[in-house]
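Structure file query16.cif (mmCIF, C-alpha atoms) is printed below.
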```cif
data_coords
#
loop_
_atom_site.group_PDB
_atom_site.id
_atom_site.type_symbol
_atom_site.label_atom_id
_atom_site.label_comp_id
_atom_site.auth_asym_id
_atom_site.auth_seq_id
_atom_site.Cartn_x
_atom_site.Cartn_y
_atom_site.Cartn_z
ATOM 1 C CA VAL A 23 0.000 0.000 0.000
ATOM 2 C CA HIS A 24 1.297 3.443 -0.773
ATOM 3 C CA SER A 25 0.104 7.019 -0.449
ATOM 4 C CA THR A 26 0.642 10.021 -2.659
ATOM 5 C CA LYS A 27 -0.257 13.693 -2.433
ATOM 6 C CA GLN A 28 -2.012 15.749 -5.066
ATOM 7 C CA ASP A 29 -0.826 19.347 -5.344
ATOM 8 C CA LEU A 30 -3.681 21.845 -5.179
ATOM 9 C CA LYS A 31 -1.630 24.465 -7.042
ATOM 10 C CA LYS A 32 -2.543 27.166 -4.535
ATOM 11 C CA GLN A 33 -6.194 27.149 -5.591
ATOM 12 C CA ASN A 34 -8.793 28.203 -3.039
ATOM 13 C CA VAL A 35 -11.544 26.242 -4.808
ATOM 14 C CA TYR A 36 -10.614 22.901 -6.274
ATOM 15 C CA ASP A 37 -13.126 21.014 -8.430
ATOM 16 C CA ILE A 38 -12.496 17.392 -7.460
ATOM 17 C CA SER A 39 -15.340 16.079 -9.592
ATOM 18 C CA SER A 40 -13.930 17.555 -12.805
ATOM 19 C CA GLU A 41 -10.700 15.642 -12.280
ATOM 20 C CA LEU A 42 -12.590 12.444 -11.489
ATOM 21 C CA ASN A 43 -14.827 12.915 -14.558
ATOM 22 C CA LYS A 44 -11.726 12.241 -16.669
ATOM 23 C CA ILE A 45 -11.609 8.675 -15.377
ATOM 24 C CA GLY A 46 -15.361 8.119 -15.450
ATOM 25 C CA TYR A 47 -16.431 9.014 -11.915
ATOM 26 C CA PHE A 48 -18.849 11.571 -10.410
ATOM 27 C CA GLU A 49 -20.066 12.776 -13.798
ATOM 28 C CA ASP A 50 -23.441 14.124 -12.609
ATOM 29 C CA VAL A 51 -22.411 15.911 -9.423
ATOM 30 C CA LYS A 52 -20.055 18.724 -8.481
ATOM 31 C CA ILE A 53 -17.712 18.265 -5.517
ATOM 32 C CA TYR A 54 -15.580 21.220 -4.492
ATOM 33 C CA LEU A 55 -12.749 21.240 -2.000
ATOM 34 C CA ILE A 56 -12.517 24.742 -0.538
ATOM 35 C CA SER A 57 -9.400 26.017 1.222
ATOM 36 C CA LEU A 58 -10.127 28.861 3.626
ATOM 37 C CA ALA A 59 -6.568 29.493 4.801
ATOM 38 C CA ASN A 60 -2.961 28.351 4.800
ATOM 39 C CA LEU A 61 -1.868 27.342 8.287
ATOM 40 C CA THR A 62 1.380 26.262 9.896
ATOM 41 C CA PRO A 63 0.891 22.675 11.098
ATOM 42 C CA PRO A 64 0.707 22.608 14.906
ATOM 43 C CA TYR A 65 3.906 20.638 15.473
ATOM 44 C CA ASP A 66 4.295 22.346 18.848
ATOM 45 C CA LYS A 67 1.020 20.738 19.981
ATOM 46 C CA LEU A 68 2.087 17.168 19.172
ATOM 47 C CA ILE A 69 2.722 14.966 22.199
ATOM 48 C CA ALA A 70 5.798 12.725 22.400
ATOM 49 C CA GLU A 71 5.351 9.734 24.684
ATOM 50 C CA ASN A 72 8.727 8.128 24.011
ATOM 51 C CA LYS A 73 12.153 8.933 22.551
ATOM 52 C CA GLU A 74 11.243 7.765 19.045
ATOM 53 C CA GLN A 75 8.155 9.981 18.899
ATOM 54 C CA GLU A 76 10.233 12.860 20.221
ATOM 55 C CA ARG A 77 12.723 12.279 17.388
ATOM 56 C CA LEU A 78 9.982 12.116 14.753
ATOM 57 C CA ILE A 79 8.304 15.298 15.987
ATOM 58 C CA LYS A 80 11.637 17.164 16.077
ATOM 59 C CA LYS A 81 12.423 16.061 12.520
ATOM 60 C CA TYR A 82 8.952 17.125 11.384
ATOM 61 C CA GLU A 83 9.412 20.522 13.034
ATOM 62 C CA ASN A 84 12.771 20.973 11.290
ATOM 63 C CA ASP A 85 11.277 19.902 7.950
ATOM 64 C CA MET A 86 8.531 22.501 8.377
ATOM 65 C CA LYS A 87 11.027 25.249 9.186
ATOM 66 C CA THR A 88 13.157 24.362 6.151
ATOM 67 C CA LYS A 89 10.018 24.024 3.976
ATOM 68 C CA LYS A 90 10.592 20.351 3.230
ATOM 69 C CA GLU A 91 7.025 19.845 4.444
ATOM 70 C CA LYS A 92 4.078 21.835 3.063
ATOM 71 C CA SER A 93 1.860 24.066 5.168
ATOM 72 C CA ASN A 94 -1.620 22.853 6.019
ATOM 73 C CA LYS A 95 -4.727 24.020 4.237
ATOM 74 C CA HIS A 96 -7.993 24.569 6.091
ATOM 75 C CA PHE A 97 -10.541 22.604 4.090
ATOM 76 C CA VAL A 98 -14.321 22.395 3.889
ATOM 77 C CA LEU A 99 -16.199 20.320 1.316
ATOM 78 C CA LEU A 100 -19.130 21.331 -0.910
ATOM 79 C CA ILE A 101 -21.313 18.715 -2.658
ATOM 80 C CA LYS A 102 -23.809 19.853 -5.314
ATOM 81 C CA ASP A 103 -26.140 17.047 -6.363
ATOM 82 C CA LYS A 104 -29.304 17.579 -8.409
ATOM 83 C CA LYS A 105 -31.348 16.767 -5.285
ATOM 84 C CA PHE A 106 -29.431 18.788 -2.706
ATOM 85 C CA THR A 107 -26.504 21.065 -1.936
ATOM 86 C CA ALA A 108 -24.511 20.123 1.173
ATOM 87 C CA LEU A 109 -21.573 21.758 2.931
ATOM 88 C CA ILE A 110 -19.313 19.932 5.375
ATOM 89 C CA ASP A 111 -18.018 22.390 8.010
ATOM 90 C CA THR A 112 -17.718 26.185 7.797
ATOM 91 C CA GLY A 113 -14.311 27.272 9.113
ATOM 92 C CA PHE A 114 -13.557 30.047 11.594
ATOM 93 C CA LEU A 115 -15.594 33.197 12.130
ATOM 94 C CA HIS A 116 -12.681 35.195 10.737
ATOM 95 C CA THR A 117 -12.617 33.065 7.548
ATOM 96 C CA GLN A 118 -16.346 33.482 6.924
ATOM 97 C CA ASP A 119 -15.804 36.101 4.207
ATOM 98 C CA SER A 120 -13.379 33.723 2.471
ATOM 99 C CA LEU A 121 -16.005 30.987 2.645
ATOM 100 C CA ILE A 122 -18.726 33.197 1.162
ATOM 101 C CA LYS A 123 -16.390 34.309 -1.625
ATOM 102 C CA ALA A 124 -15.369 30.710 -2.387
ATOM 103 C CA LEU A 125 -18.987 29.553 -2.468
ATOM 104 C CA LYS A 126 -19.782 32.276 -4.987
ATOM 105 C CA GLN A 127 -17.006 30.932 -7.215
ATOM 106 C CA THR A 128 -19.094 27.757 -7.432
ATOM 107 C CA ASN A 129 -22.282 29.769 -8.132
ATOM 108 C CA THR A 130 -23.515 29.013 -4.623
ATOM 109 C CA ASN A 131 -24.785 31.324 -1.895
ATOM 110 C CA ALA A 132 -24.915 30.407 1.786
ATOM 111 C CA SER A 133 -28.706 30.551 1.506
ATOM 112 C CA ASP A 134 -28.580 27.818 -1.183
ATOM 113 C CA ILE A 135 -27.209 25.202 1.226
ATOM 114 C CA ASP A 136 -29.819 22.534 1.998
ATOM 115 C CA TYR A 137 -27.733 20.630 4.539
ATOM 116 C CA LEU A 138 -24.940 21.877 6.772
ATOM 117 C CA ILE A 139 -22.988 18.866 7.992
ATOM 118 C CA LEU A 140 -20.760 19.398 11.035
ATOM 119 C CA SER A 141 -17.917 16.980 11.661
ATOM 120 C CA HIS A 142 -17.630 18.404 15.175
ATOM 121 C CA GLY A 143 -18.091 21.599 17.112
ATOM 122 C CA HIS A 144 -14.709 23.274 17.442
ATOM 123 C CA LYS A 145 -14.750 26.931 16.429
ATOM 124 C CA ASP A 146 -12.648 26.355 13.295
ATOM 125 C CA HIS A 147 -15.490 24.161 12.013
ATOM 126 C CA LEU A 148 -18.682 25.924 13.121
ATOM 127 C CA GLY A 149 -17.337 29.496 13.283
ATOM 128 C CA GLY A 150 -18.743 30.461 9.882
ATOM 129 C CA ILE A 151 -22.396 29.892 10.766
ATOM 130 C CA LEU A 152 -23.329 33.206 12.389
ATOM 131 C CA LYS A 153 -22.933 36.734 11.071
ATOM 132 C CA ASP A 154 -24.172 39.486 13.396
ATOM 133 C CA ASN A 155 -25.866 36.709 15.405
ATOM 134 C CA LYS A 156 -27.859 35.545 12.350
ATOM 135 C CA ASN A 157 -27.530 32.183 10.651
ATOM 136 C CA ILE A 158 -26.200 32.764 7.128
ATOM 137 C CA PHE A 159 -27.343 29.254 6.158
ATOM 138 C CA SER A 160 -30.976 30.283 6.439
ATOM 139 C CA LYS A 161 -32.426 27.298 4.538
ATOM 140 C CA ALA A 162 -30.096 24.598 5.802
ATOM 141 C CA LYS A 163 -30.844 21.720 8.107
ATOM 142 C CA LEU A 164 -28.052 20.874 10.530
ATOM 143 C CA ILE A 165 -26.660 17.326 10.445
ATOM 144 C CA ILE A 166 -24.540 16.377 13.454
ATOM 145 C CA ASP A 167 -23.746 13.548 15.854
ATOM 146 C CA GLU A 168 -26.185 13.582 18.764
ATOM 147 C CA LYS A 169 -23.419 13.271 21.370
ATOM 148 C CA GLU A 170 -21.660 16.247 19.821
ATOM 149 C CA TYR A 171 -24.823 18.331 19.759
ATOM 150 C CA THR A 172 -25.522 17.657 23.447
ATOM 151 C CA TRP A 173 -21.930 18.569 24.335
ATOM 152 C CA LEU A 174 -22.104 21.816 22.349
ATOM 153 C CA LYS A 175 -25.452 22.836 23.824
ATOM 154 C CA GLU A 176 -23.785 22.729 27.234
ATOM 155 C CA SER A 177 -20.843 24.893 26.129
ATOM 156 C CA LYS A 178 -20.068 28.066 28.041
ATOM 157 C CA ASP A 179 -18.793 29.615 24.804
ATOM 158 C CA ASP A 180 -21.562 31.799 23.355
ATOM 159 C CA LEU A 181 -20.441 31.401 19.740
ATOM 160 C CA VAL A 182 -20.404 27.609 19.979
ATOM 161 C CA ARG A 183 -23.742 27.311 21.745
ATOM 162 C CA LYS A 184 -25.575 29.900 19.641
ATOM 163 C CA SER A 185 -24.232 28.418 16.406
ATOM 164 C CA VAL A 186 -25.935 25.063 16.974
ATOM 165 C CA GLU A 187 -29.017 26.677 18.505
ATOM 166 C CA ALA A 188 -29.454 28.641 15.246
ATOM 167 C CA PHE A 189 -30.964 25.508 13.656
ATOM 168 C CA ALA A 190 -34.494 24.530 14.625
ATOM 169 C CA GLU A 191 -34.473 20.731 14.321
ATOM 170 C CA PRO A 192 -31.077 19.106 13.773
ATOM 171 C CA ILE A 193 -30.778 15.739 12.073
ATOM 172 C CA PHE A 194 -28.803 13.402 14.306
ATOM 173 C CA LEU A 195 -26.306 10.867 13.020
ATOM 174 C CA LYS A 196 -27.178 7.886 15.176
ATOM 175 C CA ASP A 197 -25.755 5.108 13.026
ATOM 176 C CA GLU A 198 -23.299 4.590 10.205
ATOM 177 C CA ASN A 199 -25.745 4.159 7.311
ATOM 178 C CA GLU A 200 -26.244 6.598 4.452
ATOM 179 C CA PHE A 201 -27.931 9.762 5.688
ATOM 180 C CA LEU A 202 -28.196 11.626 2.377
ATOM 181 C CA GLN A 203 -29.260 9.996 -0.880
ATOM 182 C CA GLY A 204 -28.890 12.217 -3.911
ATOM 183 C CA ASN A 205 -29.457 11.721 -7.595
ATOM 184 C CA SER A 206 -25.815 10.785 -8.173
ATOM 185 C CA VAL A 207 -24.170 10.467 -4.768
ATOM 186 C CA LYS A 208 -24.795 9.120 -1.309
ATOM 187 C CA ILE A 209 -23.169 10.407 1.850
ATOM 188 C CA SER A 210 -22.608 8.247 4.909
ATOM 189 C CA SER A 211 -20.856 8.821 8.213
ATOM 190 C CA LYS A 212 -18.574 6.926 10.560
ATOM 191 C CA LYS A 213 -18.044 7.518 14.251
ATOM 192 C CA ALA A 214 -14.528 8.802 14.903
ATOM 193 C CA TYR A 215 -14.814 9.689 18.563
ATOM 194 C CA GLY A 216 -11.933 10.999 20.643
ATOM 195 C CA HIS A 217 -11.030 14.334 19.129
ATOM 196 C CA THR A 218 -14.378 15.476 20.520
ATOM 197 C CA PRO A 219 -17.174 13.411 22.111
ATOM 198 C CA GLY A 220 -19.063 13.085 18.818
ATOM 199 C CA HIS A 221 -16.462 13.668 16.093
ATOM 200 C CA ARG A 222 -17.505 12.180 12.724
ATOM 201 C CA ILE A 223 -15.876 11.484 9.383
ATOM 202 C CA PHE A 224 -17.790 11.237 6.103
ATOM 203 C CA LEU A 225 -17.802 9.001 3.051
ATOM 204 C CA ILE A 226 -19.018 10.175 -0.359
ATOM 205 C CA ASN A 227 -19.826 7.504 -2.948
ATOM 206 C CA GLU A 228 -21.519 7.411 -6.312
ATOM 207 C CA GLN A 229 -24.916 5.734 -6.397
ATOM 208 C CA LYS A 230 -23.935 3.470 -9.296
ATOM 209 C CA LYS A 231 -20.195 2.910 -8.800
ATOM 210 C CA GLN A 232 -18.912 1.725 -5.433
ATOM 211 C CA ASP A 233 -15.203 1.317 -6.182
ATOM 212 C CA LEU A 234 -14.053 4.877 -5.429
ATOM 213 C CA ASN A 235 -14.314 6.315 -1.935
ATOM 214 C CA ILE A 236 -13.967 9.977 -0.992
ATOM 215 C CA PHE A 237 -13.380 10.297 2.738
ATOM 216 C CA PHE A 238 -13.561 13.659 4.508
ATOM 217 C CA ILE A 239 -11.788 12.795 7.754
ATOM 218 C CA ALA A 240 -12.095 16.217 9.450
ATOM 219 C CA ASP A 241 -9.743 16.332 12.476
ATOM 220 C CA LEU A 242 -8.797 12.680 12.597
ATOM 221 C CA ILE A 243 -5.270 13.979 11.992
ATOM 222 C CA HIS A 244 -3.772 17.461 12.284
ATOM 223 C CA THR A 245 -0.377 16.947 10.656
ATOM 224 C CA SER A 246 1.010 14.817 7.832
ATOM 225 C CA LEU A 247 3.263 13.176 10.432
ATOM 226 C CA GLN A 248 0.227 11.454 11.938
ATOM 227 C CA VAL A 249 -0.675 9.777 8.639
ATOM 228 C CA LYS A 250 2.090 7.207 9.075
ATOM 229 C CA ASN A 251 2.353 7.645 12.841
ATOM 230 C CA PRO A 252 -1.205 7.511 14.231
ATOM 231 C CA ASP A 253 0.181 6.759 17.714
ATOM 232 C CA ILE A 254 1.320 10.377 18.013
ATOM 233 C CA SER A 255 -1.288 12.428 19.849
ATOM 234 C CA ILE A 256 -2.069 16.127 19.870
ATOM 235 C CA GLN A 257 -3.156 18.477 22.636
ATOM 236 C CA TYR A 258 -6.410 19.363 20.865
ATOM 237 C CA ASP A 259 -7.923 15.894 21.390
ATOM 238 C CA TYR A 260 -10.692 15.706 24.010
ATOM 239 C CA ASP A 261 -9.947 12.066 24.868
ATOM 240 C CA LYS A 262 -6.379 11.358 23.748
ATOM 241 C CA ASP A 263 -6.443 7.598 24.318
ATOM 242 C CA LEU A 264 -9.686 7.176 22.390
ATOM 243 C CA ALA A 265 -8.493 9.515 19.609
ATOM 244 C CA ARG A 266 -5.316 7.446 19.233
ATOM 245 C CA LYS A 267 -7.306 4.204 18.981
ATOM 246 C CA THR A 268 -9.596 5.825 16.421
ATOM 247 C CA ARG A 269 -6.684 7.004 14.265
ATOM 248 C CA LYS A 270 -5.110 3.543 14.297
ATOM 249 C CA LYS A 271 -8.429 1.895 13.442
ATOM 250 C CA PHE A 272 -9.024 4.081 10.402
ATOM 251 C CA ALA A 273 -5.396 3.888 9.250
ATOM 252 C CA LYS A 274 -5.880 0.132 8.886
ATOM 253 C CA GLU A 275 -9.312 0.531 7.302
ATOM 254 C CA PHE A 276 -8.118 3.020 4.668
ATOM 255 C CA GLU A 277 -5.257 0.738 3.654
ATOM 256 C CA SER A 278 -7.542 -2.280 3.291
ATOM 257 C CA VAL A 279 -9.939 -0.609 0.847
ATOM 258 C CA TYR A 280 -8.856 -0.020 -2.749
ATOM 259 C CA ASN A 281 -9.034 3.438 -4.309
ATOM 260 C CA ASN A 282 -9.510 5.884 -1.472
ATOM 261 C CA ILE A 283 -9.276 9.664 -1.676
ATOM 262 C CA ILE A 284 -8.650 11.037 1.812
ATOM 263 C CA ILE A 285 -9.203 14.702 2.672
ATOM 264 C CA GLY A 286 -8.478 16.099 6.118
ATOM 265 C CA SER A 287 -9.610 19.471 7.399
ATOM 266 C CA HIS A 288 -5.996 20.207 8.276
ATOM 267 C CA SER A 289 -3.798 18.620 5.644
ATOM 268 C CA PRO A 290 -1.484 20.054 2.975
ATOM 269 C CA SER A 291 -3.228 18.294 0.090
ATOM 270 C CA ILE A 292 -5.369 15.363 -0.947
ATOM 271 C CA ILE A 293 -4.006 12.038 0.297
ATOM 272 C CA HIS A 294 -4.510 8.958 -1.872
ATOM 273 C CA PHE A 295 -4.334 5.400 -0.574
ATOM 274 C CA ASN A 296 -4.125 2.842 -3.380
ATOM 275 C CA LYS A 297 -3.601 -0.904 -3.107
#
```
Spit out the file's structure as structure tokens when you get a sec.
Amino acid sequence: VHSTKQDLKKQNVYDISSELNKIGYFEDVKIYLISLANLTPPYDKLIAENKEQERLIKKYENDMKTKKEKSNKHFVLLIKDKKFTALIDTGFLHTQDSLIKALKQTNTNASDIDYLILSHGHKDHLGGILKDNKNIFSKAKLIIDEKEYTWLKESKDDLVRKSVEAFAEPIFLKDENEFLQGNSVKISSKKAYGHTPGHRIFLINEQKKQDLNIFFIADLIHTSLQVKNPDISIQYDYDKDLARKTRKKFAKEFESVYNNIIIGSHSPSIIHFNK
């Protein structure tokens, strides 16, 4: 099994579906990967639990400083099917203008979104919901893990709590079956608990072809170092032991399935796993 990275050529809006159309996939749907910012990977937040991890983290830090490693993007994902338009995550409050501008590049307004899917409730994922205390996704239904929603409703942070309260009746992800069936695509979810109590990752498949998987893994990893070293934890994780187990579980799963496209919220590019 090997992995490769696809250069995004500094684009803020990358049309994944157009590239996949060339090999016969996702011909009747538009899937856009939107980068809201370029960020320095948080190598200073990685946790070394032994000498080898300490060595790996130090090397990664040096590679970042000498630009041998690429900076992270801050990704959200837009899916435009004939039956619905869905957005996975929204970014920070301070990147909201960048999100609105990027959506317009795809001929989409915030008010066009039918479903807003939240991987989890950290402010770099739900921060783009409110503008002047009003929900910019006025038509959207919120899709979220029920554990995550309960946790966020109890938050003492006004932005976090008000962001989820801005939606009347959320749709809860209680299992791992498909939760959105479009004309051309289906979207399903997998529990990836640990980073937060109800952190989720998402799988986008064609209705007709099942041999290409697009995974949006949100904050399963925060640095490229964790792709090959899932044992390395980060300070941001709510339950570090559970998050580590979750990373290791999905690392094995991704390698066992042929033809995966893996997209993290905080990764330098698209990661491919091919058997």
(request) Could you give me, as a list in words, the residues within 6 Å of range 122-139 of chain A, counting only C-alpha atoms and dropping anything in the same chain fewer than 6 positions from it? (result)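 Final neighbour list, sorted by chain and number: Thr107, Ala108, Leu109, Ile110, Ile158, Phe159, Ser160, Lys161, Ala162, Lys163, Leu164 and Ile165 of chain A.
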(request) Please provide as a PyMOL selection string all residues within 7 Å of range 219-230 of chain A, with the sequence filter that same-chain residues fewer than 4 positions apart are discarded (counting only C-alpha atoms). (result) chain A and resi 48+141-142+167+169-170+206-215+234-240
(request) Record the distance separating CA of Pro63 in chain A and CA of Asp37 in chain A, expressed in Å with one decimal. (result)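 Straight-line distance from CA of Pro63 in chain A to CA of Asp37 in chain A works out to 24.1 Å.
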(request) Convert the output of the PyMOL selection byres ((chain A and resi 57) around 8) on the shown file into explicit residues, formatted as a ChimeraX atom specification. (result) /A:33-35,55-56,58-60,95-98
(request) Could you check which of A:Asn251, A:Thr172, A:Ser39, A:Ser289 is closest to Ile101 in chain A, using only C-alpha atoms? (result)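 Counting only C-alpha atoms, the residue closest to Ile101 in chain A is A:Ser39.
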(request) Quick one: pull the distance between CA of Glu83 in chain A and CA of Thr245 in chain A, Å, one decimal. (result)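 Spanning CA of Glu83 in chain A to CA of Thr245 in chain A is a straight-line distance of 10.7 Å.
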(message) Would you pick out the contacts of range 260-266 of chain A at 8 Å or less, using only C-alpha atoms, so that residues sharing its chain but fewer than 3 positions from it are not included, and give the list as a list of chain:residue names?
(response)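 Final neighbour list, sorted by chain and number: A:Ala214, A:Tyr215, A:Gly216, A:His217, A:Thr218, A:Pro219, A:Leu242, A:Pro252, A:Asp253, A:Ile254, A:Ser255, A:Ile256, A:Gln257, A:Arg269, A:Lys270.
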Could you turn the residues from that selection into a file that holds C-alpha atoms, as a PDB file, keeping the file's coordinate frame?
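Saved result, selection_6.pdb, follows:
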```
ATOM      1  CA  ALA A 214     -14.528   8.802  14.903  1.00  0.00           C
ATOM      2  CA  TYR A 215     -14.814   9.689  18.563  1.00  0.00           C
ATOM      3  CA  GLY A 216     -11.933  10.999  20.643  1.00  0.00           C
ATOM      4  CA  HIS A 217     -11.030  14.334  19.129  1.00  0.00           C
ATOM      5  CA  THR A 218     -14.378  15.476  20.520  1.00  0.00           C
ATOM      6  CA  PRO A 219     -17.174  13.411  22.111  1.00  0.00           C
ATOM      7  CA  LEU A 242      -8.797  12.680  12.597  1.00  0.00           C
ATOM      8  CA  PRO A 252      -1.205   7.511  14.231  1.00  0.00           C
ATOM      9  CA  ASP A 253       0.181   6.759  17.714  1.00  0.00           C
ATOM     10  CA  ILE A 254       1.320  10.377  18.013  1.00  0.00           C
ATOM     11  CA  SER A 255      -1.288  12.428  19.849  1.00  0.00           C
ATOM     12  CA  ILE A 256      -2.069  16.127  19.870  1.00  0.00           C
ATOM     13  CA  GLN A 257      -3.156  18.477  22.636  1.00  0.00           C
ATOM     14  CA  ARG A 269      -6.684   7.004  14.265  1.00  0.00           C
ATOM     15  CA  LYS A 270      -5.110   3.543  14.297  1.00  0.00           C
TER      16      LYS A 270
END
```
